[in-house]
Amino acid sequence: MKRSMLTTAVVLLAVAAGPAAAKCTVTLKMTNGEASTITVLGNDSQARVNGGLWSKMGFSNTAIAADATRSVPWTTNMSCGGSTKRDLRFKYQKGNQVFEEMVDNIDLSDGGTVLVTLNN
């Protein structure tokens, strides 16, 4: 009887936890089109699926020299592939000012690369 109750408890806990979030890792290949160094703000940059709520991307802040390109790994908190489209909103700092660039309607693939040009 105890074993049956334990098995039932484990199954109930697994159901309560719900399905695991299907994360994936992509490479953000960011090009600085500015004439001076910028810093891409990873915790202030955001992503959303199909026009839903924005969530933080959470990659490390990244300095990019003028006209240079940097590749940054990003582990998403959303699934990749399928028919859903994602919007990415990158925030970056130049001097004391913060700017924003959007990449709309893209399909992320696990292990894929997203090309982003930041130039205000």
# chains A, B, ... in the order shown; residues from 1 in each chain; ligands from 1
>>> residues_around(residues="Thr39 (chain A)", least_positions_apart="2", cutoff="10 Å", atoms="only C-alpha atoms", output="list in words")
Asn32, Thr37, Leu41, Gly42, Asn61, Thr62, Ala63, Ile64, Ala65, Lys91, Tyr92, Gln93, Lys94, Gly95 and Val98 of chain A
>>> write_last_selection(atoms="N, CA and C atoms", output="PDB file, in the first residue's frame")
ATOM      1  N   ASN A  32      27.812  46.229 -35.144  1.00  0.00           N
ATOM      2  CA  ASN A  32      27.686  47.622 -34.720  1.00  0.00           C
ATOM      3  C   ASN A  32      27.867  48.517 -35.941  1.00  0.00           C
ATOM      4  N   THR A  37      31.964  52.747 -30.109  1.00  0.00           N
ATOM      5  CA  THR A  37      31.636  51.512 -29.401  1.00  0.00           C
ATOM      6  C   THR A  37      30.263  51.609 -28.747  1.00  0.00           C
ATOM      7  N   LEU A  41      22.763  45.625 -24.135  1.00  0.00           N
ATOM      8  CA  LEU A  41      22.300  45.345 -22.773  1.00  0.00           C
ATOM      9  C   LEU A  41      21.470  44.057 -22.774  1.00  0.00           C
ATOM     10  N   GLY A  42      22.112  42.967 -22.418  1.00  0.00           N
ATOM     11  CA  GLY A  42      21.490  41.648 -22.507  1.00  0.00           C
ATOM     12  C   GLY A  42      20.303  41.442 -21.598  1.00  0.00           C
ATOM     13  N   ASN A  61      25.894  41.420 -21.048  1.00  0.00           N
ATOM     14  CA  ASN A  61      26.142  42.690 -21.734  1.00  0.00           C
ATOM     15  C   ASN A  61      27.372  42.528 -22.622  1.00  0.00           C
ATOM     16  N   THR A  62      27.303  43.105 -23.820  1.00  0.00           N
ATOM     17  CA  THR A  62      28.362  42.884 -24.792  1.00  0.00           C
ATOM     18  C   THR A  62      28.788  44.189 -25.435  1.00  0.00           C
ATOM     19  N   ALA A  63      30.062  44.543 -25.283  1.00  0.00           N
ATOM     20  CA  ALA A  63      30.607  45.736 -25.938  1.00  0.00           C
ATOM     21  C   ALA A  63      31.031  45.358 -27.351  1.00  0.00           C
ATOM     22  N   ILE A  64      30.662  46.231 -28.310  1.00  0.00           N
ATOM     23  CA  ILE A  64      31.014  45.993 -29.710  1.00  0.00           C
ATOM     24  C   ILE A  64      31.647  47.270 -30.255  1.00  0.00           C
ATOM     25  N   ALA A  65      32.874  47.144 -30.743  1.00  0.00           N
ATOM     26  CA  ALA A  65      33.591  48.296 -31.301  1.00  0.00           C
ATOM     27  C   ALA A  65      32.901  48.773 -32.580  1.00  0.00           C
ATOM     28  N   LYS A  91      18.324  46.273 -26.816  1.00  0.00           N
ATOM     29  CA  LYS A  91      18.634  47.600 -26.287  1.00  0.00           C
ATOM     30  C   LYS A  91      20.149  47.706 -26.177  1.00  0.00           C
ATOM     31  N   TYR A  92      20.652  48.872 -26.596  1.00  0.00           N
ATOM     32  CA  TYR A  92      22.092  49.086 -26.499  1.00  0.00           C
ATOM     33  C   TYR A  92      22.359  50.511 -26.064  1.00  0.00           C
ATOM     34  N   GLN A  93      23.534  50.671 -25.467  1.00  0.00           N
ATOM     35  CA  GLN A  93      23.921  51.968 -24.916  1.00  0.00           C
ATOM     36  C   GLN A  93      25.096  52.530 -25.692  1.00  0.00           C
ATOM     37  N   LYS A  94      24.976  53.815 -26.005  1.00  0.00           N
ATOM     38  CA  LYS A  94      26.077  54.553 -26.633  1.00  0.00           C
ATOM     39  C   LYS A  94      26.210  55.821 -25.815  1.00  0.00           C
ATOM     40  N   GLY A  95      27.336  55.954 -25.125  1.00  0.00           N
ATOM     41  CA  GLY A  95      27.491  57.070 -24.192  1.00  0.00           C
ATOM     42  C   GLY A  95      26.483  56.918 -23.066  1.00  0.00           C
ATOM     43  N   VAL A  98      20.362  55.287 -24.386  1.00  0.00           N
ATOM     44  CA  VAL A  98      19.976  53.912 -24.684  1.00  0.00           C
ATOM     45  C   VAL A  98      19.090  53.922 -25.930  1.00  0.00           C
TER      46      VAL A  98
END
>>> residues_around(residues="region 111-118 of chain A", least_positions_apart="4", cutoff="7 Å", atoms="only C-alpha atoms", output="PyMOL selection string")
chain A and resi 25-33+101
>>> residues_around(residues="Gln46 (chain A)", least_positions_apart="5", cutoff="7 Å", atoms="only C-alpha atoms", output="PyMOL selection string")
chain A and resi 54-57+88-90
>>> write_last_selection(atoms="C-alpha atoms", output="CSV table (one decimal), in the first residue's frame")
chain,number,residue,atom,x,y,z
A,54,TRP,CA,7.9,40.5,-23.7
A,55,SER,CA,10.4,38.6,-21.5
A,56,LYS,CA,14.1,39.4,-20.8
A,57,MET,CA,16.6,37.7,-23.1
A,88,LEU,CA,13.5,40.4,-30.6
A,89,ARG,CA,14.0,43.8,-29.1
A,90,PHE,CA,17.7,44.7,-28.5
>>> atom_distance(atom1="CA of Asp87 (chain A)", atom2="CA of Glu100 (chain A)")
12.8 Å
>>> closest_residue(among="A:Val40, A:Met78, A:Ala68, A:Ala35", to="Leu53 (chain A)", atoms="only C-alpha atoms")
A:Met78
>>> select_by_dssp(residues="chain A", states="alpha helix (DSSP H)", output="MDAnalysis selection string")
chainID A and resid 2:17
>>> decode(residues="region 48-73 of chain A", atoms="N, CA and C atoms", output="short mmCIF file (atom, residue, chain, number, x, y, z; two decimals), in the first residue's frame")
data_model
loop_
_atom_site.label_atom_id
_atom_site.label_comp_id
_atom_site.auth_asym_id
_atom_site.auth_seq_id
_atom_site.Cartn_x
_atom_site.Cartn_y
_atom_site.Cartn_z
N ARG A 48 9.67 37.95 -27.61
CA ARG A 48 8.28 37.51 -27.44
C ARG A 48 7.91 36.59 -28.60
N VAL A 49 6.85 35.81 -28.39
CA VAL A 49 6.37 34.88 -29.39
C VAL A 49 4.99 35.31 -29.85
N ASN A 50 4.79 35.39 -31.17
CA ASN A 50 3.49 35.70 -31.77
C ASN A 50 2.81 36.91 -31.14
N GLY A 51 3.55 37.97 -30.89
CA GLY A 51 2.97 39.20 -30.37
C GLY A 51 2.57 39.13 -28.90
N GLY A 52 3.03 38.12 -28.18
CA GLY A 52 2.68 37.96 -26.75
C GLY A 52 3.45 38.91 -25.86
N LEU A 53 3.56 38.55 -24.61
CA LEU A 53 4.27 39.37 -23.62
C LEU A 53 5.77 39.29 -23.83
N TRP A 54 6.45 40.40 -23.59
CA TRP A 54 7.90 40.45 -23.69
C TRP A 54 8.53 39.81 -22.46
N SER A 55 9.65 39.12 -22.66
CA SER A 55 10.44 38.60 -21.54
C SER A 55 11.91 38.91 -21.79
N LYS A 56 12.66 39.03 -20.71
CA LYS A 56 14.09 39.36 -20.82
C LYS A 56 14.84 38.26 -21.54
N MET A 57 15.80 38.67 -22.37
CA MET A 57 16.64 37.70 -23.06
C MET A 57 17.73 37.17 -22.14
N GLY A 58 18.31 38.05 -21.32
CA GLY A 58 19.22 37.61 -20.28
C GLY A 58 20.61 37.16 -20.71
N PHE A 59 21.11 37.58 -21.85
CA PHE A 59 22.50 37.25 -22.19
C PHE A 59 23.42 38.31 -21.57
N SER A 60 24.70 38.07 -21.57
CA SER A 60 25.66 38.99 -20.96
C SER A 60 25.76 40.28 -21.76
N ASN A 61 25.89 41.42 -21.05
CA ASN A 61 26.14 42.69 -21.73
C ASN A 61 27.37 42.53 -22.62
N THR A 62 27.30 43.10 -23.82
CA THR A 62 28.36 42.88 -24.79
C THR A 62 28.79 44.19 -25.44
N ALA A 63 30.06 44.54 -25.28
CA ALA A 63 30.61 45.74 -25.94
C ALA A 63 31.03 45.36 -27.35
N ILE A 64 30.66 46.23 -28.31
CA ILE A 64 31.01 45.99 -29.71
C ILE A 64 31.65 47.27 -30.26
N ALA A 65 32.87 47.14 -30.74
CA ALA A 65 33.59 48.30 -31.30
C ALA A 65 32.90 48.77 -32.58
N ALA A 66 33.23 49.99 -32.99
CA ALA A 66 32.66 50.58 -34.21
C ALA A 66 32.89 49.66 -35.41
N ASP A 67 31.84 49.42 -36.18
CA ASP A 67 31.89 48.61 -37.40
C ASP A 67 32.37 47.17 -37.17
N ALA A 68 32.31 46.70 -35.94
CA ALA A 68 32.74 45.33 -35.63
C ALA A 68 31.51 44.42 -35.46
N THR A 69 31.76 43.11 -35.44
CA THR A 69 30.71 42.11 -35.22
C THR A 69 31.14 41.20 -34.09
N ARG A 70 30.20 40.91 -33.20
CA ARG A 70 30.45 39.98 -32.09
C ARG A 70 29.38 38.90 -32.11
N SER A 71 29.77 37.69 -31.79
CA SER A 71 28.83 36.58 -31.66
C SER A 71 28.63 36.28 -30.18
N VAL A 72 27.36 36.20 -29.78
CA VAL A 72 27.01 35.99 -28.38
C VAL A 72 26.03 34.83 -28.29
N PRO A 73 26.31 33.82 -27.46
CA PRO A 73 25.35 32.73 -27.29
C PRO A 73 24.16 33.21 -26.46
#
